[in-house]
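Peer 1: Below you will find the structure I want to go over with you.
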Amino acid sequence: MSSFIVLGAQWGDEGKGKMTDFLAENADVVVRYQGGNNAGHTVVVGKNEYKLRLIPSGILYEDKLNVIGNGVVVDPKALFEEISYLEGLGAKVTPNNLVVSDRAQLIMPYHKVLDKLKEKSRGKNDIGTTGRGIGPCYTDKAERAGIRVCDLMHKETFREKLEYNVKAKNEYITKVLGGEALDFGAIYNEYMEIAKKLKPFVADISVRVYDAIKADKDVLFEGAQGMLLDVDYGTYPYVTSSNTVAGGVCTGAGIGPTMVQKAVGIAKAYTTRVGKGPFPTELEDETGDWIRDNGHEFGVNTGRARRCGWLDLVILKTSARINGLTSFAVTKIDTLAGLDKIKICVGYKFEDKVIDYFPASLEDLAKCEPIYEEFDGWDSKVADARSYEELPDNAKKYLDKIEKFTGVKISLISVGPRRDQTIVVSDI
Ligand code: GDP
Ligand code: IMO
Ligand code: MG
């Protein structure tokens with residue numbers, strides 16, 4: 001039995017899609033357990049580039065089971081759009097290789113409207129969400145007003161829940177947020193059509209995942225977003241609305257903690273963030289622009305420019321602790337090639353102390369000054385390395401610093417977006 005988690009150790013976009021696809025070769029089942037189509041996971045296979053939002057990144061192998069867990073918020077229209085998109089690129093998506101939890105919450109049209117109107121009403125305190133309805137859908141789940149996939153399979157239950165929700169949301173949308181009312185009938189009819197298409201994919205995924213683990217299959221849990229976007233441990237309120245940390249696997253896929261052995265933290269060789277919120281090592285200068293251009297740091301989902309900055313080991317150390325990381329996969333060291341000097345943040349000066357953990361309060365975080373260590377750079381030949389030995393010495397020193405500071409080994413190094421541009425240092 002081997003089951004392991006692949007998750008983002010920073011603010012998302014670390015290369016989870018690439019590393020999930022790479023590791024999925026030896027897995028039988030790939031499970032998404034939180035988030036929704038706010039994610040954008042890129043997988044490059046041969047000449048094709050696939051951008052996955054909701055569907056697990058194991059879908060490009062024909063023989064893997066891909067699971068959308070109960071912790072995921074599912075926009076069913078986006079799901080079928082993604083299936084068509086993948087089929088257009090030659091992938092096969094059928095109920096044999098994709099199942100969706102009957103307990104997953106549905107993203108409804110009013111969630112997307114609410115997401116956008118609430119952002120507007122926050123004014124300068126907006127979060128910079130993806131506008132996909134993620135926050136309002138998780139709000140309804142906690143409020144116990146949500147509509148689940150299994151409800152959609154029961155016409156009368158669905159009608160009743162939808163009626164209640166459209167009435168309540170329309171009041172709020174029109175009277176508080178100044179938006180336009182939604183039409184119950186149009187949503188009902190549209191979702192009844194969707195129900196027919198969705199039905200063959202629906203399953204009790206906790207049973208499927210449990211049985212797979214018990215049958216000695218290899219199960220990969222694919223995280224979305226990253227540790228600092230976690231609703232509890234991220235830079236709240238500038239976070240997403242789910243538990244992106246490893247703990248989210250248990251609740252989001254319906255399995256116990258004793259059934260997962262390993263957690264691989266995907267860490268980009270520098271730091272990026274999309275949307276608003278604090279970012280201690282952000283580079284608002286030419287170097288930041290250079291990293292953005294060289295690393296093509298533009299959002300998969302919204303096309304927004306990603307904010308870029310130096311690698312922050314305070315973040316990685318915190319991530320190692322909160323996620324119980326057993327190893328790191330470090331991505332995009334090729335992007336830094338060409339820089340003469342590269343900095344790593346090795347602590348924060350906070351009041352009269354030096355700290356190596358991430359403070360809860362944004363006021364305290366604002367007072368933190370990164371302490372940097374400077375490293376000599378390497379050149380673009382790094383992208384040709386296929387073993388640890390072939391890496392430039394300066395890149396090795398950089399990677400060595402990550403391991404020493406965090407106390408977590410690096411098992412994988414990514415030197416480019418393709419599958420073959422991956423160095424296996426040790427078994428994960
Ligand atoms: P995810 O959300 O964590 O899956 O990451 P994204 O797909 O949003 O962003 C990562 C981007 O970097 C994608 O365009 C990947 O194709 C690309 N990528 C992943 N690993 C590497 C790498 O090692 N080097 C380079 N140059 N690009 C990479
Ligand atoms: P992947 O899986 C980076 C960010 C948004 C915003 C905040 C809240 O590709 O790494 P939401 O729409 O979730 O309510 O937005 O979270 N965000 C991401 N940033 N990568 C992601 O996913 C993200 N998903 C959400 O930009 O700041
Ligand atoms: Mg992404």
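Ordered as shown in the structure tokens, chains take letters A, B, and onward, while each chain numbers its residues from 1 and ligands are numbered from 1 in the order shown.
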Give the alpha helix (DSSP H) residues of stretch 131-344 of chain A, as assigned by DSSP on the backbone, as a short mmCIF file (atom, residue, chain, number, x, y, z; two decimals) with N, CA, C and O atoms, in the first residue's frame.
Peer 2:
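Saved file part20.cif follows:
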```
data_model
loop_
_atom_site.label_atom_id
_atom_site.label_comp_id
_atom_site.auth_asym_id
_atom_site.auth_seq_id
_atom_site.Cartn_x
_atom_site.Cartn_y
_atom_site.Cartn_z
N ILE A 134 -16.04 30.12 -5.76
CA ILE A 134 -15.47 29.18 -4.78
C ILE A 134 -15.88 29.57 -3.34
O ILE A 134 -16.43 28.74 -2.60
N GLY A 135 -15.61 30.82 -2.97
CA GLY A 135 -15.90 31.26 -1.60
C GLY A 135 -17.38 31.13 -1.26
O GLY A 135 -17.75 30.51 -0.25
N PRO A 136 -18.28 31.69 -2.10
CA PRO A 136 -19.71 31.56 -1.79
C PRO A 136 -20.19 30.10 -1.73
O PRO A 136 -21.09 29.78 -0.95
N CYS A 137 -19.61 29.22 -2.51
CA CYS A 137 -20.03 27.81 -2.47
C CYS A 137 -19.60 27.17 -1.14
O CYS A 137 -20.40 26.49 -0.49
N TYR A 138 -18.36 27.40 -0.72
CA TYR A 138 -17.93 26.87 0.58
C TYR A 138 -18.70 27.53 1.74
O TYR A 138 -18.92 26.92 2.77
N THR A 139 -19.09 28.79 1.55
CA THR A 139 -19.89 29.47 2.57
C THR A 139 -21.21 28.71 2.75
O THR A 139 -21.63 28.43 3.88
N ASP A 140 -21.86 28.38 1.64
CA ASP A 140 -23.13 27.65 1.70
C ASP A 140 -22.96 26.27 2.32
O ASP A 140 -23.85 25.78 3.02
N LYS A 141 -21.82 25.65 2.06
CA LYS A 141 -21.57 24.33 2.66
C LYS A 141 -21.56 24.46 4.19
O LYS A 141 -22.24 23.71 4.89
N ALA A 142 -20.80 25.45 4.69
CA ALA A 142 -20.70 25.64 6.14
C ALA A 142 -22.04 26.10 6.72
O ALA A 142 -22.41 25.76 7.85
N GLU A 143 -22.79 26.84 5.92
CA GLU A 143 -24.10 27.38 6.34
C GLU A 143 -25.19 26.31 6.28
O GLU A 143 -26.29 26.48 6.78
N VAL A 149 -23.95 17.06 -5.11
CA VAL A 149 -24.13 16.27 -6.33
C VAL A 149 -25.28 15.26 -6.15
O VAL A 149 -26.12 15.09 -7.03
N CYS A 150 -25.36 14.63 -4.98
CA CYS A 150 -26.42 13.63 -4.76
C CYS A 150 -27.81 14.28 -4.77
O CYS A 150 -28.79 13.64 -5.18
N ASP A 151 -27.89 15.56 -4.37
CA ASP A 151 -29.19 16.25 -4.41
C ASP A 151 -29.66 16.45 -5.85
O ASP A 151 -30.86 16.39 -6.14
N LEU A 152 -28.68 16.69 -6.73
CA LEU A 152 -29.02 16.91 -8.13
C LEU A 152 -29.60 15.64 -8.76
O LEU A 152 -30.34 15.70 -9.74
N LYS A 155 -34.67 14.84 -8.27
CA LYS A 155 -35.36 16.00 -8.83
C LYS A 155 -36.06 16.89 -7.80
O LYS A 155 -35.89 18.10 -7.77
N GLU A 156 -36.85 16.24 -6.92
CA GLU A 156 -37.66 17.02 -5.99
C GLU A 156 -36.81 17.71 -4.93
O GLU A 156 -37.03 18.86 -4.58
N THR A 157 -35.82 16.96 -4.42
CA THR A 157 -34.90 17.56 -3.44
C THR A 157 -34.19 18.75 -4.07
O THR A 157 -34.06 19.82 -3.46
N PHE A 158 -33.74 18.55 -5.31
CA PHE A 158 -33.01 19.62 -5.99
C PHE A 158 -33.91 20.85 -6.16
O PHE A 158 -33.51 21.97 -5.87
N ARG A 159 -35.14 20.61 -6.60
CA ARG A 159 -36.06 21.72 -6.83
C ARG A 159 -36.27 22.52 -5.53
O ARG A 159 -36.17 23.75 -5.51
N GLU A 160 -36.49 21.78 -4.45
CA GLU A 160 -36.76 22.43 -3.16
C GLU A 160 -35.55 23.26 -2.70
O GLU A 160 -35.67 24.42 -2.30
N LYS A 161 -34.37 22.66 -2.79
CA LYS A 161 -33.16 23.36 -2.33
C LYS A 161 -32.85 24.55 -3.23
O LYS A 161 -32.41 25.59 -2.76
N LEU A 162 -33.08 24.37 -4.52
CA LEU A 162 -32.80 25.46 -5.45
C LEU A 162 -33.77 26.62 -5.22
O LEU A 162 -33.37 27.79 -5.23
N GLU A 163 -35.03 26.29 -4.99
CA GLU A 163 -36.03 27.34 -4.76
C GLU A 163 -35.63 28.20 -3.57
O GLU A 163 -35.62 29.42 -3.62
N TYR A 164 -35.29 27.50 -2.48
CA TYR A 164 -34.89 28.20 -1.26
C TYR A 164 -33.68 29.10 -1.52
O TYR A 164 -33.67 30.28 -1.15
N ASN A 165 -32.70 28.54 -2.20
CA ASN A 165 -31.46 29.28 -2.43
C ASN A 165 -31.65 30.46 -3.37
O ASN A 165 -31.14 31.55 -3.11
N VAL A 166 -32.37 30.25 -4.48
CA VAL A 166 -32.52 31.35 -5.44
C VAL A 166 -33.27 32.51 -4.77
O VAL A 166 -32.90 33.68 -4.93
N LYS A 167 -34.28 32.17 -3.96
CA LYS A 167 -35.04 33.22 -3.28
C LYS A 167 -34.13 34.01 -2.33
O LYS A 167 -34.06 35.24 -2.37
N ALA A 168 -33.40 33.26 -1.50
CA ALA A 168 -32.54 33.92 -0.51
C ALA A 168 -31.42 34.71 -1.18
O ALA A 168 -31.11 35.85 -0.80
N LYS A 169 -30.82 34.12 -2.21
CA LYS A 169 -29.70 34.80 -2.87
C LYS A 169 -30.19 36.03 -3.63
O LYS A 169 -29.51 37.06 -3.65
N ASN A 170 -31.36 35.91 -4.27
CA ASN A 170 -31.86 37.07 -5.02
C ASN A 170 -32.12 38.26 -4.10
O ASN A 170 -31.84 39.40 -4.47
N GLU A 171 -32.63 37.98 -2.91
CA GLU A 171 -32.84 39.06 -1.93
C GLU A 171 -31.52 39.79 -1.68
O GLU A 171 -31.44 41.01 -1.73
N PHE A 184 -35.00 31.33 -11.49
CA PHE A 184 -35.07 29.96 -10.98
C PHE A 184 -35.25 28.94 -12.10
O PHE A 184 -34.52 27.94 -12.19
N GLY A 185 -36.24 29.20 -12.98
CA GLY A 185 -36.59 28.23 -14.03
C GLY A 185 -35.41 27.92 -14.94
O GLY A 185 -35.15 26.75 -15.28
N ALA A 186 -34.68 28.97 -15.31
CA ALA A 186 -33.55 28.77 -16.23
C ALA A 186 -32.49 27.89 -15.57
O ALA A 186 -31.94 26.97 -16.20
N ILE A 187 -32.21 28.15 -14.29
CA ILE A 187 -31.18 27.36 -13.59
C ILE A 187 -31.67 25.92 -13.44
O ILE A 187 -30.92 24.96 -13.69
N TYR A 188 -32.93 25.78 -13.05
CA TYR A 188 -33.49 24.43 -12.84
C TYR A 188 -33.37 23.60 -14.12
O TYR A 188 -32.85 22.48 -14.10
N ASN A 189 -33.81 24.17 -15.23
CA ASN A 189 -33.77 23.41 -16.49
C ASN A 189 -32.35 23.07 -16.90
O ASN A 189 -32.06 21.94 -17.31
N GLU A 190 -31.47 24.03 -16.75
CA GLU A 190 -30.07 23.80 -17.14
C GLU A 190 -29.46 22.67 -16.30
O GLU A 190 -28.80 21.77 -16.82
N TYR A 191 -29.73 22.70 -14.99
CA TYR A 191 -29.13 21.69 -14.11
C TYR A 191 -29.78 20.32 -14.27
O TYR A 191 -29.14 19.30 -14.02
N MET A 192 -31.04 20.29 -14.71
CA MET A 192 -31.66 18.99 -14.97
C MET A 192 -30.99 18.30 -16.16
O MET A 192 -30.78 17.10 -16.17
N GLU A 193 -30.61 19.12 -17.14
CA GLU A 193 -29.88 18.57 -18.30
C GLU A 193 -28.50 18.06 -17.85
O GLU A 193 -28.06 16.99 -18.23
N ILE A 194 -27.87 18.87 -17.02
CA ILE A 194 -26.53 18.50 -16.51
C ILE A 194 -26.63 17.20 -15.71
O ILE A 194 -25.75 16.34 -15.79
N ALA A 195 -27.70 17.05 -14.94
CA ALA A 195 -27.86 15.87 -14.08
C ALA A 195 -27.76 14.59 -14.89
O ALA A 195 -27.11 13.63 -14.47
N LYS A 196 -28.39 14.60 -16.06
CA LYS A 196 -28.38 13.39 -16.91
C LYS A 196 -26.95 13.05 -17.33
O LYS A 196 -26.55 11.89 -17.33
N LYS A 197 -26.20 14.10 -17.69
CA LYS A 197 -24.83 13.86 -18.17
C LYS A 197 -23.90 13.45 -17.02
O LYS A 197 -22.95 12.69 -17.18
N LEU A 198 -24.20 14.00 -15.83
CA LEU A 198 -23.31 13.78 -14.68
C LEU A 198 -23.50 12.41 -14.03
O LEU A 198 -22.54 11.82 -13.51
N ILE A 205 -17.04 8.18 -3.35
CA ILE A 205 -15.60 8.10 -3.62
C ILE A 205 -14.79 7.64 -2.41
O ILE A 205 -13.69 7.11 -2.56
N SER A 206 -15.34 7.82 -1.21
CA SER A 206 -14.62 7.34 -0.02
C SER A 206 -14.44 5.82 -0.12
O SER A 206 -13.37 5.28 0.17
N VAL A 207 -15.49 5.15 -0.59
CA VAL A 207 -15.43 3.69 -0.76
C VAL A 207 -14.40 3.34 -1.83
O VAL A 207 -13.56 2.45 -1.64
N ARG A 208 -14.44 4.07 -2.94
CA ARG A 208 -13.51 3.76 -4.04
C ARG A 208 -12.06 3.95 -3.60
O ARG A 208 -11.19 3.14 -3.92
N VAL A 209 -11.80 5.05 -2.89
CA VAL A 209 -10.41 5.33 -2.47
C VAL A 209 -9.97 4.32 -1.41
O VAL A 209 -8.86 3.77 -1.48
N TYR A 210 -10.84 4.05 -0.46
CA TYR A 210 -10.52 3.08 0.61
C TYR A 210 -10.22 1.70 0.02
O TYR A 210 -9.22 1.07 0.36
N ASP A 211 -11.09 1.27 -0.88
CA ASP A 211 -10.90 -0.06 -1.50
C ASP A 211 -9.59 -0.11 -2.28
O ASP A 211 -8.89 -1.12 -2.25
N ALA A 212 -9.28 0.98 -2.96
CA ALA A 212 -8.03 1.01 -3.75
C ALA A 212 -6.83 0.87 -2.81
O ALA A 212 -5.91 0.09 -3.07
N ILE A 213 -6.84 1.59 -1.70
CA ILE A 213 -5.71 1.53 -0.77
C ILE A 213 -5.62 0.12 -0.17
O ILE A 213 -4.54 -0.47 -0.08
N LYS A 214 -6.76 -0.43 0.20
CA LYS A 214 -6.78 -1.78 0.78
C LYS A 214 -6.31 -2.85 -0.21
O LYS A 214 -5.77 -3.87 0.18
N GLY A 248 -6.41 18.43 4.74
CA GLY A 248 -7.61 18.47 3.90
C GLY A 248 -7.89 17.16 3.19
O GLY A 248 -9.02 16.90 2.77
N VAL A 249 -6.86 16.33 3.05
CA VAL A 249 -7.05 15.05 2.36
C VAL A 249 -8.07 14.18 3.08
O VAL A 249 -8.92 13.55 2.45
N CYS A 250 -7.97 14.12 4.40
CA CYS A 250 -8.85 13.21 5.16
C CYS A 250 -10.31 13.61 5.02
O CYS A 250 -11.15 12.77 4.71
N THR A 251 -10.59 14.90 5.21
CA THR A 251 -11.98 15.32 5.11
C THR A 251 -12.44 15.41 3.66
O THR A 251 -13.61 15.14 3.36
N GLY A 252 -11.53 15.74 2.77
CA GLY A 252 -11.91 15.97 1.37
C GLY A 252 -11.99 14.71 0.52
O GLY A 252 -12.50 14.75 -0.60
N ALA A 253 -11.47 13.59 1.06
CA ALA A 253 -11.56 12.34 0.29
C ALA A 253 -12.14 11.22 1.14
O ALA A 253 -12.24 10.09 0.68
N GLU A 286 12.99 45.47 -11.27
CA GLU A 286 13.37 44.84 -12.55
C GLU A 286 13.61 43.33 -12.40
O GLU A 286 13.29 42.57 -13.31
N THR A 287 14.17 42.94 -11.26
CA THR A 287 14.45 41.51 -11.07
C THR A 287 13.13 40.73 -11.01
O THR A 287 13.00 39.66 -11.59
N GLY A 288 12.14 41.30 -10.32
CA GLY A 288 10.82 40.66 -10.25
C GLY A 288 10.21 40.54 -11.64
O GLY A 288 9.66 39.49 -12.01
N ASP A 289 10.35 41.60 -12.44
CA ASP A 289 9.81 41.59 -13.81
C ASP A 289 10.55 40.54 -14.65
O ASP A 289 9.95 39.83 -15.45
N TRP A 290 11.87 40.48 -14.42
CA TRP A 290 12.70 39.51 -15.19
C TRP A 290 12.25 38.08 -14.86
O TRP A 290 12.07 37.26 -15.76
N ILE A 291 12.03 37.79 -13.59
CA ILE A 291 11.60 36.43 -13.20
C ILE A 291 10.23 36.13 -13.81
O ILE A 291 9.99 35.05 -14.35
N ARG A 292 9.32 37.11 -13.78
CA ARG A 292 7.98 36.91 -14.33
C ARG A 292 8.05 36.58 -15.83
O ARG A 292 7.42 35.63 -16.29
N ASP A 293 8.88 37.33 -16.56
CA ASP A 293 8.99 37.09 -18.00
C ASP A 293 9.64 35.75 -18.29
O ASP A 293 9.16 34.97 -19.09
N ASN A 294 10.74 35.51 -17.59
CA ASN A 294 11.50 34.28 -17.84
C ASN A 294 10.70 33.03 -17.44
O ASN A 294 10.79 32.00 -18.08
N LEU A 313 12.44 30.70 2.81
CA LEU A 313 12.54 29.43 3.55
C LEU A 313 11.70 29.43 4.82
O LEU A 313 11.42 28.36 5.36
N VAL A 314 11.29 30.60 5.28
CA VAL A 314 10.35 30.64 6.42
C VAL A 314 9.05 29.95 5.99
O VAL A 314 8.46 29.16 6.73
N ILE A 315 8.64 30.24 4.76
CA ILE A 315 7.42 29.61 4.23
C ILE A 315 7.61 28.10 4.10
O ILE A 315 6.76 27.32 4.53
N LEU A 316 8.75 27.71 3.54
CA LEU A 316 8.95 26.26 3.32
C LEU A 316 9.06 25.50 4.64
O LEU A 316 8.57 24.37 4.75
N LYS A 317 9.68 26.13 5.63
CA LYS A 317 9.80 25.45 6.93
C LYS A 317 8.42 25.31 7.59
O LYS A 317 8.07 24.29 8.16
N THR A 318 7.63 26.37 7.47
CA THR A 318 6.27 26.33 8.02
C THR A 318 5.46 25.26 7.29
O THR A 318 4.71 24.49 7.91
N SER A 319 5.63 25.21 5.99
CA SER A 319 4.91 24.23 5.18
C SER A 319 5.31 22.80 5.55
O SER A 319 4.46 21.90 5.62
N ALA A 320 6.60 22.62 5.80
CA ALA A 320 7.09 21.28 6.18
C ALA A 320 6.40 20.83 7.47
O ALA A 320 5.98 19.68 7.60
N ARG A 321 6.25 21.74 8.40
CA ARG A 321 5.62 21.41 9.69
C ARG A 321 4.13 21.14 9.53
O ARG A 321 3.63 20.08 9.93
N ILE A 322 3.43 22.08 8.91
CA ILE A 322 1.97 21.99 8.87
C ILE A 322 1.49 20.82 8.01
O ILE A 322 0.47 20.20 8.30
N ASN A 323 2.25 20.51 6.97
CA ASN A 323 1.85 19.41 6.07
C ASN A 323 2.53 18.09 6.41
O ASN A 323 2.28 17.09 5.74
#
```
Peer 1: For stretch 189-233 of chain A against stretch 29-43 of chain A, with a cut-off of 9 Å and counting only C-alpha atoms, what is the closest atom pair and its distance in Å to one decimal for every residue that makes the cut, ordered by chain and number, as a Markdown table?
Peer 2:
```
| residue | atom | partner | partner_atom | distance |
| --- | --- | --- | --- | --- |
| A:Val209 | CA | A:Val29 | CA | 7.9 |
| A:Ala212 | CA | A:Val29 | CA | 7.7 |
| A:Lys217 | CA | A:Val29 | CA | 7.6 |
| A:Asp218 | CA | A:Val29 | CA | 6.5 |
| A:Val219 | CA | A:Val29 | CA | 4.8 |
| A:Leu220 | CA | A:Val30 | CA | 4.8 |
| A:Phe221 | CA | A:Val31 | CA | 4.7 |
| A:Glu222 | CA | A:Arg32 | CA | 5.1 |
| A:Gly223 | CA | A:Arg32 | CA | 6.3 |
| A:Ala224 | CA | A:Ala39 | CA | 6.0 |
| A:Gln225 | CA | A:Ala39 | CA | 6.4 |
```
Peer 1: Write to file, as a compact mmCIF listing (two decimals), in the first residue's frame, the residues of the selection just made, with N, CA and C atoms.
Peer 2:
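Okay, this is what ended up in out.txt:
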```
# COMPACT_ATOMS: atom_id res chain seq x y z
N VAL A 209 -11.80 5.05 -2.89
CA VAL A 209 -10.41 5.33 -2.47
C VAL A 209 -9.97 4.32 -1.41
N ALA A 212 -9.28 0.98 -2.96
CA ALA A 212 -8.03 1.01 -3.75
C ALA A 212 -6.83 0.87 -2.81
N LYS A 217 -3.24 -0.67 -4.04
CA LYS A 217 -3.04 0.21 -5.20
C LYS A 217 -2.31 1.47 -4.73
N ASP A 218 -1.69 2.16 -5.66
CA ASP A 218 -1.02 3.42 -5.32
C ASP A 218 -1.96 4.59 -5.56
N VAL A 219 -2.16 5.36 -4.52
CA VAL A 219 -3.11 6.47 -4.60
C VAL A 219 -2.39 7.80 -4.39
N LEU A 220 -2.57 8.70 -5.33
CA LEU A 220 -1.93 10.03 -5.27
C LEU A 220 -3.02 11.07 -5.00
N PHE A 221 -2.85 11.85 -3.96
CA PHE A 221 -3.79 12.93 -3.65
C PHE A 221 -3.18 14.23 -4.16
N GLU A 222 -3.88 14.87 -5.09
CA GLU A 222 -3.34 16.07 -5.74
C GLU A 222 -3.95 17.34 -5.14
N GLY A 223 -3.13 18.11 -4.45
CA GLY A 223 -3.62 19.35 -3.85
C GLY A 223 -3.83 20.42 -4.90
N ALA A 224 -4.67 21.37 -4.57
CA ALA A 224 -4.81 22.58 -5.37
C ALA A 224 -4.40 23.75 -4.48
N GLN A 225 -4.08 24.88 -5.09
CA GLN A 225 -3.59 26.07 -4.38
C GLN A 225 -2.31 25.72 -3.60
```
Peer 1: How would you write, as number ranges by chain, the set of residues no farther than 9 Å from ligand 2 when counting only C-alpha atoms and all ligand atoms?
Peer 2: A: 7-8, 10-17, 35-42, 52-53, 115, 127-136, 223-226, 229-230, 237-242, 272-277, 299-302, 304, 306
Peer 1: Among stretch 160-338 of chain A, which residues does DSSP mark as strand (DSSP E) when it is run on the backbone? Keep the chain and numbering as in the structure and answer as a PyMOL selection string.
Peer 2: chain A and resi 202-203+218-222+262-268+271-273+307-309+311-312+327-331
Peer 1: Do you know which residues are at most 8 Å from A:Ile59 counting only C-alpha atoms, after dropping those on the same chain fewer than 5 positions away, and could you put them as a ChimeraX atom specification?
Peer 2: /A:64-66,91-93,97-98
Peer 1: Which one of A:Lys175, A:Lys404, A:Lys332, A:Lys353 sits closest to ligand 1 if you count only C-alpha atoms and all ligand atoms?
Peer 2: A:Lys332
Peer 1: If you count only C-alpha atoms, which residues fall within 10 Å of A:Arg386, apart from same-chain ones fewer than 2 positions away, as a list of chain:residue names?
Peer 2: A:Val382, A:Ala383, A:Asp384, A:Tyr388, A:Glu389, A:Glu390, A:Leu391, A:Ile413, A:Ser414, A:Val415, A:Asp420, A:Gln421, A:Thr422, A:Ile423, A:Val424, A:Val425
Peer 1: Point out the residue among A:Lys396, A:Arg419, A:Lys409, A:His154 with the least atom-to-atom distance to ligand 1, counting only C-alpha atoms and all ligand atoms.
Peer 2: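 Going through A:Lys396, A:Arg419, A:Lys409, A:His154 one by one, the smallest distance to ligand 1 is for A:Arg419.
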Peer 1: Go through A:Leu339, A:Leu182, A:Leu54, A:Leu114 and flag the residue nearest ligand 3, using only C-alpha atoms and all ligand atoms for the distances.
Peer 2: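 Closest to ligand 3, using only C-alpha atoms and all ligand atoms: A:Leu54.
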Peer 1: Taking only C-alpha atoms and all ligand atoms into account, name the residue in A:Gly88, A:Gly324, A:Gly295, A:Gly347 that is nearest to ligand 1.
Peer 2: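 Using only C-alpha atoms and all ligand atoms, ligand 1 sits closest to A:Gly295.
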Peer 1: Interatomic distance between atom 26 (N, counted along the ligand's line) of ligand 1 and atom CA of A:Pro417?
Peer 2: 5.3 Å
Peer 1: Rank nothing, just name the residue among A:Lys367, A:Lys199, A:Arg148, A:Lys268 nearest to ligand 3, using only C-alpha atoms and all ligand atoms.
Peer 2: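 Residue with the minimum atom-to-atom distance to ligand 3: A:Lys268.
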